[in-house]
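> Quick one, coords_30.txt (compact mmCIF, C-alpha atoms):
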```txt
# COMPACT_ATOMS: atom_id res chain seq x y z
CA MET Q 1 127.09 92.00 121.94
CA ASP Q 2 126.89 88.86 119.84
CA GLY Q 3 123.35 88.11 121.02
CA VAL Q 4 121.80 91.26 119.59
CA ARG Q 5 123.64 90.76 116.28
CA GLU Q 6 122.40 87.19 115.95
CA PHE Q 7 118.88 88.34 116.86
CA ALA Q 8 118.90 91.06 114.20
CA SER Q 9 120.34 88.68 111.59
CA ALA Q 10 117.48 86.27 112.22
CA LEU Q 11 114.85 89.02 112.08
CA VAL Q 12 115.95 90.39 108.69
CA ALA Q 13 115.76 86.91 107.16
CA PHE Q 14 111.95 87.13 107.23
CA GLU Q 15 110.26 88.72 104.21
CA SER Q 16 107.73 90.32 106.51
CA THR Q 17 106.06 92.76 104.14
CA ASP Q 18 102.59 94.18 104.78
CA ALA Q 19 100.14 91.45 105.89
CA ALA Q 20 102.88 88.79 105.63
CA GLU Q 21 104.18 89.15 109.19
CA ALA Q 22 102.87 85.86 110.65
CA PRO Q 23 106.15 83.89 110.42
CA VAL Q 24 108.29 86.63 111.97
CA SER Q 25 105.73 87.25 114.71
CA ALA Q 26 105.70 83.54 115.59
CA TRP Q 27 109.50 83.47 115.68
CA PHE Q 28 109.63 86.65 117.77
CA ALA Q 29 107.13 85.26 120.28
CA ALA Q 30 109.09 82.02 120.62
CA ARG Q 31 112.38 83.84 121.14
CA LEU Q 32 110.88 86.10 123.80
CA ALA Q 33 109.65 83.04 125.67
CA GLU Q 34 113.11 81.45 125.46
CA LEU Q 35 114.64 84.63 126.88
CA GLY Q 36 112.30 84.64 129.87
CA PHE Q 37 109.66 87.18 128.84
CA GLU Q 38 106.00 86.67 129.68
CA ARG Q 39 104.21 86.89 126.35
CA TYR Q 40 101.05 88.72 125.32
CA GLU Q 41 99.69 88.59 121.78
CA TRP Q 42 96.90 90.43 119.95
CA GLU Q 43 95.37 90.38 116.51
CA VAL Q 44 94.51 93.41 114.40
CA ASP Q 45 90.95 94.45 115.27
CA ALA Q 46 89.45 95.77 112.04
CA GLU Q 47 86.09 96.61 113.64
CA LEU Q 48 87.83 98.67 116.31
CA LEU Q 49 90.08 100.47 113.83
CA ALA Q 50 87.18 101.30 111.51
CA GLY Q 51 85.94 103.69 114.18
CA HIS Q 52 89.28 105.52 114.27
CA ARG Q 53 89.68 108.70 112.22
CA SER Q 54 92.89 107.48 110.56
CA PHE Q 55 91.55 104.23 109.09
CA PRO Q 56 88.95 103.37 106.45
CA ASP Q 57 85.37 103.33 107.75
CA ASP Q 58 84.72 99.91 106.22
CA PRO Q 59 86.42 97.14 108.26
CA ARG Q 60 86.69 95.05 105.09
CA GLU Q 61 89.23 97.56 103.76
CA ILE Q 62 91.57 96.92 106.72
CA ARG Q 63 93.81 93.89 106.29
CA ALA Q 64 93.49 92.05 109.58
CA ALA Q 65 93.72 88.30 108.96
CA ASP Q 66 96.62 86.44 110.57
CA ARG Q 67 98.37 89.61 111.77
CA ARG Q 68 99.53 89.07 115.32
CA SER Q 69 101.58 91.56 117.32
CA VAL Q 70 103.63 90.35 120.27
CA GLY Q 71 104.53 91.91 123.61
CA GLY Q 72 107.05 90.49 126.04
CA VAL Q 73 107.04 91.57 129.69
CA LEU Q 74 109.80 91.45 132.29
CA GLU Q 75 108.89 92.24 135.88
CA LEU Q 76 111.53 94.14 137.83
CA GLY Q 77 111.89 94.08 141.61
CA ASP Q 78 108.42 94.71 142.97
CA PRO Q 79 106.55 95.23 139.69
CA ASP Q 80 103.44 96.68 141.30
CA ALA Q 81 105.52 99.29 143.15
CA GLY Q 82 106.74 100.94 139.95
CA PRO Q 83 105.52 102.12 136.56
CA THR Q 84 105.64 100.37 133.19
CA ILE Q 85 107.68 101.45 130.18
CA VAL Q 86 107.21 100.06 126.66
CA LEU Q 87 110.10 99.59 124.21
CA ASN Q 88 108.48 99.28 120.80
CA GLY Q 89 109.49 98.28 117.29
CA HIS Q 90 107.69 97.04 114.20
CA VAL Q 91 108.33 93.70 112.51
CA ASP Q 92 107.01 94.63 109.06
CA VAL Q 93 109.12 96.01 106.22
CA VAL Q 94 108.51 97.54 102.81
CA PRO Q 95 109.06 95.35 99.72
CA ALA Q 96 112.52 95.04 98.17
CA ASP Q 97 113.26 94.85 94.44
CA GLU Q 98 116.08 92.31 94.22
CA GLY Q 99 117.12 93.72 90.84
CA VAL Q 100 118.45 96.92 92.42
CA TRP Q 101 120.15 95.26 95.41
CA SER Q 102 123.77 94.09 95.33
CA SER Q 103 122.90 91.10 97.57
CA PRO Q 104 119.71 89.19 98.46
CA PRO Q 105 117.64 91.69 100.47
CA PHE Q 106 116.33 89.11 102.96
CA GLU Q 107 119.70 87.67 103.88
CA ALA Q 108 121.90 89.30 106.50
CA ARG Q 109 125.12 90.54 104.89
CA TRP Q 110 127.83 91.61 107.31
CA ASN Q 111 130.76 93.83 106.36
CA GLY Q 112 132.60 94.35 109.62
CA ASP Q 113 130.14 96.19 111.85
CA GLU Q 114 127.72 96.99 109.02
CA LEU Q 115 124.57 94.94 108.46
CA THR Q 116 122.86 95.15 105.07
CA ALA Q 117 119.35 93.75 104.54
CA ARG Q 118 115.80 94.98 104.10
CA GLY Q 119 114.68 96.16 107.51
CA ALA Q 120 118.19 96.50 108.91
CA ALA Q 121 117.63 100.18 109.70
CA ASP Q 122 113.83 100.33 109.54
CA MET Q 123 113.65 98.85 112.05
CA LYS Q 124 114.56 95.29 112.94
CA ALA Q 125 117.94 96.20 114.40
CA GLY Q 126 116.15 98.74 116.58
CA LEU Q 127 113.70 96.06 117.72
CA ALA Q 128 116.61 93.75 118.56
CA ALA Q 129 118.11 96.61 120.60
CA CYS Q 130 114.85 96.88 122.56
CA VAL Q 131 114.97 93.19 123.46
CA TYR Q 132 118.54 93.30 124.70
CA ALA Q 133 118.04 96.59 126.50
CA ALA Q 134 115.21 94.96 128.45
CA LEU Q 135 117.42 91.96 129.27
CA GLU Q 136 120.17 94.33 130.43
CA LEU Q 137 117.65 96.16 132.60
CA ALA Q 138 116.46 92.87 134.13
CA ASP Q 139 119.95 92.25 135.52
CA ARG Q 140 119.64 95.29 137.79
CA ASP Q 141 118.38 94.91 141.33
CA ASP Q 142 117.56 98.55 142.07
CA VAL Q 143 114.53 99.03 139.80
CA ASP Q 144 110.84 98.32 140.41
CA GLY Q 145 108.22 98.16 137.69
CA ARG Q 146 107.81 96.50 134.32
CA VAL Q 147 109.47 96.74 130.93
CA VAL Q 148 107.52 95.64 127.86
CA VAL Q 149 109.10 94.89 124.48
CA GLU Q 150 106.66 95.03 121.57
CA GLY Q 151 107.03 93.76 118.03
CA VAL Q 152 104.01 95.16 116.21
CA VAL Q 153 102.68 94.54 112.71
CA GLY Q 154 101.59 96.89 109.97
CA GLU Q 155 103.46 100.07 110.87
CA GLU Q 156 104.39 100.78 107.26
CA ALA Q 157 100.72 100.74 106.26
CA GLY Q 158 99.37 102.90 109.06
CA GLY Q 159 100.17 101.14 112.31
CA VAL Q 160 97.35 98.61 112.64
CA GLY Q 161 99.16 96.63 115.34
CA ALA Q 162 100.10 99.60 117.50
CA ALA Q 163 96.72 101.28 116.97
CA THR Q 164 94.89 98.16 118.16
CA ALA Q 165 97.09 98.01 121.28
CA ALA Q 166 96.63 101.74 121.93
CA LEU Q 167 92.85 101.52 121.67
CA ASP Q 168 92.44 98.23 123.55
CA ASN Q 169 95.21 97.58 126.10
CA PRO Q 170 96.38 93.95 125.68
CA TYR Q 171 98.06 93.89 129.11
CA PRO Q 172 96.60 93.54 132.63
CA PHE Q 173 98.42 96.72 133.73
CA GLU Q 174 98.65 100.33 132.58
CA ARG Q 175 101.44 101.67 130.36
CA ASP Q 176 103.09 104.85 131.63
CA ALA Q 177 105.46 105.74 128.78
CA ALA Q 178 106.98 104.33 125.61
CA ILE Q 179 110.15 104.59 123.55
CA ILE Q 180 109.94 103.61 119.88
CA ALA Q 181 113.29 102.61 118.39
CA GLU Q 182 112.77 104.15 114.95
CA PRO Q 183 116.01 105.03 113.10
CA THR Q 184 116.56 108.51 114.55
CA SER Q 185 120.39 108.44 114.37
CA LEU Q 186 120.49 108.15 118.17
CA THR Q 187 118.69 111.46 118.73
CA PRO Q 188 115.43 112.07 120.61
CA VAL Q 189 112.37 112.77 118.43
CA VAL Q 190 109.32 114.34 120.07
CA ALA Q 191 107.32 115.48 117.03
CA SER Q 192 106.23 113.55 113.97
CA GLU Q 193 104.60 114.97 110.87
CA GLY Q 194 101.27 113.66 109.65
CA SER Q 195 100.07 113.04 106.13
CA LEU Q 196 96.85 113.27 104.16
CA MET Q 197 96.34 110.83 101.29
CA LYS Q 198 93.94 112.04 98.58
CA ARG Q 199 92.99 110.66 95.18
CA LEU Q 200 91.92 113.05 92.39
CA GLU Q 201 89.80 111.80 89.49
CA LEU Q 202 89.15 113.97 86.41
CA THR Q 203 86.85 113.40 83.45
CA GLY Q 204 87.33 114.94 80.01
CA ARG Q 205 86.11 114.01 76.52
CA SER Q 206 88.00 111.70 74.17
CA ALA Q 207 88.62 112.47 70.52
CA HIS Q 208 90.97 111.35 67.77
CA ALA Q 209 94.40 112.90 68.15
CA ALA Q 210 94.05 114.26 64.61
CA THR Q 211 91.08 116.36 65.76
CA PRO Q 212 91.98 117.33 69.35
CA TRP Q 213 89.65 120.35 69.24
CA ALA Q 214 86.74 117.90 69.32
CA GLY Q 215 87.83 116.56 72.70
CA GLU Q 216 88.59 117.88 76.17
CA SER Q 217 91.99 116.86 77.50
CA VAL Q 218 92.19 116.21 81.22
CA LEU Q 219 95.86 117.17 81.22
CA ASP Q 220 95.21 120.91 81.04
CA HIS Q 221 92.83 120.68 83.98
CA PHE Q 222 95.28 118.55 85.93
CA ASP Q 223 98.02 121.13 85.32
CA ALA Q 224 95.77 123.88 86.67
CA ILE Q 225 94.99 121.88 89.81
CA ARG Q 226 98.61 120.87 90.32
CA GLU Q 227 99.76 124.49 90.04
CA ALA Q 228 97.08 125.57 92.52
CA PHE Q 229 98.22 122.89 94.99
CA GLU Q 230 101.85 123.89 94.52
CA ALA Q 231 100.95 127.48 95.27
CA LEU Q 232 99.11 126.43 98.43
CA ALA Q 233 102.06 124.29 99.46
CA ALA Q 234 104.38 127.29 99.06
CA GLU Q 235 102.04 129.43 101.16
CA ARG Q 236 102.00 126.76 103.86
CA GLU Q 237 105.79 126.63 103.90
CA GLU Q 238 105.81 130.34 104.68
CA HIS Q 239 102.92 130.61 107.11
CA VAL Q 240 102.81 127.26 108.96
CA THR Q 241 105.76 127.29 111.32
CA HIS Q 242 107.14 125.03 114.02
CA PRO Q 243 110.45 125.48 115.87
CA LEU Q 244 111.50 121.85 115.35
CA TYR Q 245 111.03 121.96 111.58
CA GLU Q 246 112.88 125.06 110.43
CA GLU Q 247 115.94 122.95 109.51
CA PHE Q 248 114.12 121.12 106.71
CA PRO Q 249 114.28 122.48 103.14
CA THR Q 250 110.61 121.50 102.81
CA LYS Q 251 108.71 121.33 106.07
CA TRP Q 252 105.32 120.16 104.85
CA PRO Q 253 105.90 118.22 101.60
CA VAL Q 254 103.14 117.96 99.02
CA VAL Q 255 103.85 115.25 96.44
CA CYS Q 256 101.71 113.89 93.63
CA GLY Q 257 103.17 110.39 93.63
CA THR Q 258 101.12 108.69 90.91
CA VAL Q 259 99.38 109.93 87.76
CA GLU Q 260 97.52 107.73 85.29
CA ALA Q 261 95.84 109.31 82.28
CA GLY Q 262 94.45 108.36 78.90
CA GLU Q 263 94.02 105.06 77.09
CA TRP Q 264 95.82 105.40 73.76
CA ALA Q 265 98.57 107.58 72.32
CA SER Q 266 96.35 108.65 69.45
CA THR Q 267 93.39 109.65 71.63
CA VAL Q 268 92.79 112.83 73.60
CA PRO Q 269 93.00 111.70 77.26
CA ALA Q 270 89.54 111.72 78.82
CA SER Q 271 90.31 110.36 82.28
CA LEU Q 272 92.99 110.93 84.88
CA THR Q 273 93.72 109.67 88.38
CA GLY Q 274 96.34 111.33 90.53
CA GLU Q 275 97.30 110.48 94.10
CA TRP Q 276 98.69 113.02 96.57
CA ARG Q 277 100.56 112.75 99.83
CA ILE Q 278 100.14 116.04 101.72
CA GLY Q 279 102.15 116.90 104.83
CA VAL Q 280 100.38 117.81 108.09
CA ALA Q 281 102.28 119.84 110.70
CA PRO Q 282 102.27 119.04 114.41
CA GLY Q 283 99.45 121.12 115.87
CA GLU Q 284 97.30 120.65 112.75
CA THR Q 285 94.77 117.93 112.04
CA VAL Q 286 94.37 115.96 108.84
CA ALA Q 287 90.85 117.38 108.52
CA GLU Q 288 92.07 120.99 108.71
CA VAL Q 289 94.66 120.48 105.99
CA GLU Q 290 92.19 118.55 103.86
CA ALA Q 291 89.74 121.46 104.04
CA ALA Q 292 92.43 123.89 102.81
CA PHE Q 293 93.23 121.78 99.75
CA GLU Q 294 89.58 121.14 98.98
CA GLU Q 295 88.93 124.87 99.13
CA ARG Q 296 91.80 125.51 96.69
CA LEU Q 297 90.43 122.83 94.36
CA ALA Q 298 86.99 124.44 94.51
CA GLY Q 299 88.55 127.70 93.32
CA VAL Q 300 90.02 125.99 90.24
CA VAL Q 301 86.69 124.32 89.52
CA ALA Q 302 84.82 127.62 89.80
CA ASP Q 303 87.14 129.18 87.22
CA SER Q 304 86.60 126.41 84.67
CA GLU Q 305 83.36 125.95 82.78
CA TRP Q 306 84.27 122.34 82.00
CA LEU Q 307 85.18 121.41 85.59
CA ALA Q 308 82.10 123.18 86.92
CA GLU Q 309 79.98 120.95 84.70
CA HIS Q 310 82.14 117.85 85.29
CA PRO Q 311 83.32 118.24 88.88
CA PRO Q 312 86.36 116.19 89.87
CA ALA Q 313 86.33 113.67 92.68
CA PHE Q 314 88.90 114.30 95.42
CA GLU Q 315 88.60 111.57 98.04
CA ARG Q 316 90.71 110.11 100.80
CA PHE Q 317 92.25 106.71 100.24
CA THR Q 318 94.24 104.27 102.38
CA VAL Q 319 95.35 105.32 105.89
CA GLN Q 320 95.70 108.89 107.17
CA PHE Q 321 98.55 109.81 109.50
CA GLU Q 322 97.75 112.37 112.17
CA ALA Q 323 100.71 114.46 113.35
CA SER Q 324 101.90 113.91 116.91
CA GLU Q 325 103.95 115.75 119.49
CA ILE Q 326 104.82 115.54 123.17
CA ASP Q 327 106.29 118.06 125.57
CA PRO Q 328 110.11 117.73 125.73
CA ALA Q 329 109.75 118.10 129.50
CA GLU Q 330 108.02 114.70 129.74
CA PRO Q 331 109.97 112.40 132.10
CA VAL Q 332 110.50 109.76 129.41
CA VAL Q 333 112.18 112.33 127.14
CA GLN Q 334 114.39 113.56 129.94
CA ALA Q 335 115.30 109.97 130.81
CA VAL Q 336 116.46 109.39 127.23
CA GLN Q 337 118.47 112.62 127.26
CA SER Q 338 120.17 111.74 130.56
CA ALA Q 339 121.05 108.27 129.28
CA MET Q 340 122.46 109.76 126.07
CA GLU Q 341 124.68 112.11 128.03
CA ALA Q 342 125.91 109.24 130.19
CA HIS Q 343 127.05 107.44 127.04
CA GLY Q 344 128.72 110.42 125.40
CA LEU Q 345 125.95 111.32 122.93
CA ASP Q 346 125.76 115.09 122.78
CA GLU Q 347 122.93 115.68 120.27
CA THR Q 348 120.29 115.62 123.00
CA GLU Q 349 118.09 118.46 121.74
CA PRO Q 350 114.60 117.14 120.86
CA ARG Q 351 113.86 117.00 117.13
CA GLY Q 352 110.92 116.75 114.78
CA VAL Q 353 110.72 114.46 111.74
CA THR Q 354 108.80 114.69 108.47
CA TYR Q 355 107.65 111.07 108.51
CA GLY Q 356 104.88 109.38 110.46
CA ALA Q 357 105.32 106.60 113.02
CA ASP Q 358 103.43 104.54 115.57
CA ALA Q 359 104.21 107.09 118.28
CA ARG Q 360 101.05 108.96 117.33
CA HIS Q 361 98.79 106.08 118.37
CA TYR Q 362 100.27 105.84 121.86
CA ILE Q 363 100.37 109.61 122.35
CA GLU Q 364 96.71 109.85 121.34
CA ALA Q 365 95.96 107.15 123.94
CA GLY Q 366 97.61 109.26 126.64
CA ILE Q 367 100.92 107.38 126.75
CA PRO Q 368 103.89 109.81 126.47
CA THR Q 369 106.07 108.42 123.69
CA VAL Q 370 109.46 109.46 122.38
CA MET Q 371 111.33 108.03 119.41
CA PHE Q 372 114.97 107.10 119.83
CA GLY Q 373 116.89 104.45 117.94
CA PRO Q 374 119.90 103.47 115.86
CA GLY Q 375 120.23 103.94 112.11
CA ASP Q 376 119.54 106.70 109.63
CA ILE Q 377 116.08 107.31 108.16
CA GLU Q 378 117.78 107.98 104.82
CA GLN Q 379 118.58 104.25 104.69
CA ALA Q 380 114.94 103.30 105.19
CA HIS Q 381 113.13 101.89 102.12
CA PHE Q 382 116.35 102.19 100.06
CA PRO Q 383 118.23 99.46 98.16
CA ASP Q 384 121.14 97.97 100.13
CA GLU Q 385 119.62 99.26 103.37
CA THR Q 386 122.46 99.31 105.90
CA ILE Q 387 123.03 100.03 109.59
CA ASP Q 388 126.23 100.49 111.56
CA PHE Q 389 125.93 98.04 114.42
CA GLU Q 390 128.10 100.11 116.68
CA GLU Q 391 125.05 102.41 116.84
CA VAL Q 392 122.87 99.45 117.75
CA ASP Q 393 125.21 98.41 120.55
CA THR Q 394 125.10 101.97 121.87
CA ALA Q 395 121.32 102.01 121.58
CA VAL Q 396 121.06 98.89 123.77
CA ASP Q 397 122.90 100.65 126.60
CA VAL Q 398 121.09 103.96 126.20
CA LEU Q 399 117.65 102.34 126.04
CA ALA Q 400 118.41 100.27 129.14
CA ASP Q 401 119.62 103.31 131.08
CA ALA Q 402 116.72 105.45 129.84
CA ALA Q 403 114.18 102.84 130.92
CA ALA Q 404 115.90 102.47 134.31
CA GLY Q 405 116.00 106.24 134.74
CA PHE Q 406 112.31 106.59 133.95
CA LEU Q 407 111.27 103.75 136.24
CA THR Q 408 113.43 105.06 139.09
CA GLU Q 409 112.31 108.67 138.67
CA GLU Q 410 108.65 107.73 138.54
CA ASN Q 411 108.79 105.56 141.69
```
Can you give me the file's structure in the form of structure tokens?


Amino acid sequence: MDGVREFASALVAFESTDAAEAPVSAWFAARLAELGFERYEWEVDAELLAGHRSFPDDPREIRAADRRSVGGVLELGDPDAGPTIVLNGHVDVVPADEGVWSSPPFEARWNGDELTARGAADMKAGLAACVYAALELADRDDVDGRVVVEGVVGEEAGGVGAATAALDNPYPFERDAAIIAEPTSLTPVVASEGSLMKRLELTGRSAHAATPWAGESVLDHFDAIREAFEALAAEREEHVTHPLYEEFPTKWPVVCGTVEAGEWASTVPASLTGEWRIGVAPGETVAEVEAAFEERLAGVVADSEWLAEHPPAFERFTVQFEASEIDPAEPVVQAVQSAMEAHGLDETEPRGVTYGADARHYIEAGIPTVMFGPGDIEQAHFPDETIDFEEVDTAVDVLADAAAGFLTEEN
């Protein structure tokens, strides 16, 4: 499948990091038109997203300028006699530090069937597979309905492109199901973990390091809070269960990813900022998990005279990811499983994943959505990100058959 390889090679050449997707979106739109798709485009709607529970309340905090998502539509047989299925991928990627790559990250490097570049696995090769699966589907004469291929912006920073499309349909027809080609190692994913992002700010009292007793170090208080959060995380690992997550060594990760404290090596640190990413299980809400951690923080504060008099701030920041899940009995899931079996893929049992994805936006909008795509999530965001293109070629065929199966079954 030379076409899909050339398409993926062109996609990964764009340094389409967060809010820098305009060139790749323009290229993607032009290519869809050349391939015979009817195009639809939409901008990020910051005002609309500000009313959504996952995004900041202030539209000015949502980066919306010059961020266009693109959908390409192919009509099959009698399009109004059948349903519509969406094949979705995101065009944005995380940054790449060239110093830790063995080749330029935004140049396609081929080694036999392996493609190395930023976005190769997450998820430009998957998006290319969606395009060519739709083209393969269009060659069939026994299917009625529509297939939509979407290249959306901003997934890595919360899904602003997909969320806008979910909240305000950009098409003149309804969407009945979606498949998102995230790197799931060619397995069906029906549950996605959410995450709560919280920033802790502590205030102490500075003093010369030679007289530390005259100050109040924030580090001791931070240690007490961190230990309390670790204890709560351990309790959640034991008591919050889900059948699709028992395989993971840590089901609901709690990570303090950044800590900044103090101003000078010879001064007792009087300020600290720490940022947490807290896992949210399918079936929970971000608000429920937030309340549990705020309650645990309140207990630490109540036990400390200093913190009681100088209460810490513990506020949300950036985008929140709600968990999502669909019933494995949904027709779109069964269509993926049947197509997998037809192509000799035997790991058809639905799975859950510990990361968030755009599936949640479509599911929340009432569009059953399953994730299935080529590549390994362990390659995502890593130096020398690589995908085996034999998986991509297989994904093209499976996605085409899955879409055909769904459209036929739903007619």

> Looking at Q:Ala157, Q:Ala292, Q:Leu407, Q:Cys130, which one is nearest to Q:Gly145, with distances taken over all atoms listed in the file?

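Of the candidates, the smallest distance to Q:Gly145 is held by Q:Leu407.
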
> Let me make sure I understand: among Q:Ile179, Q:Val268, Q:Leu200, Q:Leu307, which one has the smallest atom-to-atom distance to Q:Thr84 if we use only C-alpha atoms?

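Smallest distance to Q:Thr84 is found for Q:Ile179.
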
> Which residues are close to Q:Phe406, i.e. within 7 Å by only C-alpha atoms, leaving aside same-chain residues fewer than 6 positions away? Reply as an MDAnalysis selection string.

chainID Q and resid 331:332 335

> Go ahead and write the selection's residues with C-alpha atoms as a PDB file, in the coordinates of the input.


```pdb
ATOM      1  CA  PRO Q 331     109.970 112.400 132.100  1.00  0.00           C
ATOM      2  CA  VAL Q 332     110.500 109.760 129.410  1.00  0.00           C
ATOM      3  CA  ALA Q 335     115.300 109.970 130.810  1.00  0.00           C
TER       4      ALA Q 335
END
```

> Using all atoms listed in the file, which residues sit within 8 Å of Q:Ala402 once same-chain residues fewer than 2 positions away are excluded, as number ranges by chain?

Q: 332, 335-339, 398-400, 404-406

> Using Å and a single decimal, report how far atom CA of Q:Ala298 sits from atom CA of Q:Cys256.

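Answer for the atom CA of Q:Cys256 to atom CA of Q:Ala298 separation: 18.1 Å.
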
> Between Q:Leu272, Q:Ala163, Q:Ala228, Q:Ala395, which one has atoms that come closest to Q:Glu201, using all atoms listed in the file?

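Nearest to Q:Glu201: Q:Leu272.
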
> Nearest to Q:Glu235: which of Q:Trp110, Q:Phe248, Q:Phe293, Q:Phe317 is it, counting only C-alpha atoms?

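The answer is Q:Phe293, which sits nearest to Q:Glu235.
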
> What is the atom CA of Q:Ser69 to atom CA of Q:Gly89 distance in Å?

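Separation between atom CA of Q:Ser69 and atom CA of Q:Gly89: 10.4 Å.
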
> Q:Leu202, Q:Val91, Q:Val240, Q:Ala133: which is nearest Q:Trp252, counting all atoms listed in the file?

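Ranked by minimum distance to Q:Trp252, first place goes to Q:Val240.
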
> Return the single residue from Q:Arg5, Q:His361, Q:His343, Q:Arg316 that is closest to Q:Pro56, with distances computed using all atoms listed in the file.

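The shortest atom-to-atom distance to Q:Pro56 comes from Q:Arg316.
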
> Which polymer residues have any atom within 9 Å of an atom of Q:Ala209, counting only C-alpha atoms, with same-chain residues fewer than 2 positions away left out, as number ranges by chain?

Q: 206-207, 211-213, 215, 265-268

> Quick one: residues within 9 Å of stretch 134-138 of chain Q, all atoms listed in the file counted, chain neighbours fewer than 6 positions away excluded, as a compact mmCIF listing (two decimals) with C-alpha atoms, in the frame of the given file?


```txt
# COMPACT_ATOMS: atom_id res chain seq x y z
CA LEU Q 35 114.64 84.63 126.88
CA GLY Q 36 112.30 84.64 129.87
CA VAL Q 73 107.04 91.57 129.69
CA LEU Q 74 109.80 91.45 132.29
CA GLU Q 75 108.89 92.24 135.88
CA LEU Q 76 111.53 94.14 137.83
CA GLY Q 77 111.89 94.08 141.61
CA LEU Q 87 110.10 99.59 124.21
CA VAL Q 147 109.47 96.74 130.93
CA VAL Q 148 107.52 95.64 127.86
CA VAL Q 149 109.10 94.89 124.48
CA VAL Q 396 121.06 98.89 123.77
CA ASP Q 397 122.90 100.65 126.60
CA LEU Q 399 117.65 102.34 126.04
CA ALA Q 400 118.41 100.27 129.14
CA ASP Q 401 119.62 103.31 131.08
CA ALA Q 403 114.18 102.84 130.92
CA ALA Q 404 115.90 102.47 134.31
```

> Determine, counting all atoms listed in the file, which protein, DNA and RNA residues have an atom within 9 Å of an atom of Q:Asp66; residues of the same chain fewer than 5 positions away are not included. Present the result as a list in words.

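Answer for this query is Ala19, Ala20, Glu21, Ala22, Glu43 and Val44 of chain Q.
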
> With C-alpha atoms retained, export the selected residues as a short mmCIF file (atom, residue, chain, number, x, y, z; two decimals), in the frame of the given file.


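Now in again.cif:
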```cif
data_model
loop_
_atom_site.label_atom_id
_atom_site.label_comp_id
_atom_site.auth_asym_id
_atom_site.auth_seq_id
_atom_site.Cartn_x
_atom_site.Cartn_y
_atom_site.Cartn_z
CA ALA Q 19 100.14 91.45 105.89
CA ALA Q 20 102.88 88.79 105.63
CA GLU Q 21 104.18 89.15 109.19
CA ALA Q 22 102.87 85.86 110.65
CA GLU Q 43 95.37 90.38 116.51
CA VAL Q 44 94.51 93.41 114.40
#
```

> Can you check which parts of stretch 16-119 of chain Q lie within 9 Å of stretch 319-330 of chain Q? Per residue, the shortest pair of atoms and distance in Å to one decimal, counting all atoms listed in the file, sorted by chain and number, as CSV.


```
residue,atom,partner,partner_atom,distance
Q:Arg53,CA,Q:Gln320,CA,7.9
Q:Ser54,CA,Q:Gln320,CA,4.6
Q:Phe55,CA,Q:Val319,CA,5.1
Q:Pro56,CA,Q:Val319,CA,6.7
```

> By how many Å are atom CA of Q:Val4 and atom CA of Q:Pro170 apart?

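Atom-to-atom, atom CA of Q:Val4 to atom CA of Q:Pro170, that is 26.3 Å.
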
> Mind listing as a VMD selection string all residues within 6 Å of (114.2, 101.1, 119.6), counting only C-alpha atoms?

chain Q and resid 89 126 to 127 130 180 to 182 373

> Which residues, protein or nucleic acid, reach to within 12 Å of (101.1, 129.5, 104.4) in the file's coordinates when using all atoms listed in the file, and can you give that as a PyMOL selection string?

chain Q and resi 229-241+251-252+281+289+292-293

> Keeping C-alpha atoms (and nothing else), can you write stretch 120-135 of chain Q of this structure as a PDB file, in the first residue's frame?


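What follows is the written file decode.pdb:
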```pdb
ATOM      1  CA  ALA Q 120       4.387   8.040  13.610  1.00  0.00           C
ATOM      2  CA  ALA Q 121       2.518   6.021  16.236  1.00  0.00           C
ATOM      3  CA  ASP Q 122       0.527   8.786  17.926  1.00  0.00           C
ATOM      4  CA  MET Q 123      -1.195   9.008  15.577  1.00  0.00           C
ATOM      5  CA  LYS Q 124      -0.508  10.168  12.052  1.00  0.00           C
ATOM      6  CA  ALA Q 125      -0.054   6.664  10.663  1.00  0.00           C
ATOM      7  CA  GLY Q 126      -3.423   5.787  12.194  1.00  0.00           C
ATOM      8  CA  LEU Q 127      -4.984   8.828  10.524  1.00  0.00           C
ATOM      9  CA  ALA Q 128      -3.480   7.778   7.187  1.00  0.00           C
ATOM     10  CA  ALA Q 129      -5.007   4.330   7.732  1.00  0.00           C
ATOM     11  CA  CYS Q 130      -8.424   5.954   8.219  1.00  0.00           C
ATOM     12  CA  VAL Q 131      -8.136   7.780   4.894  1.00  0.00           C
ATOM     13  CA  TYR Q 132      -7.201   4.676   2.938  1.00  0.00           C
ATOM     14  CA  ALA Q 133      -9.754   2.523   4.722  1.00  0.00           C
ATOM     15  CA  ALA Q 134     -12.445   4.967   3.586  1.00  0.00           C
ATOM     16  CA  LEU Q 135     -11.124   4.849   0.012  1.00  0.00           C
TER      17      LEU Q 135
END
```
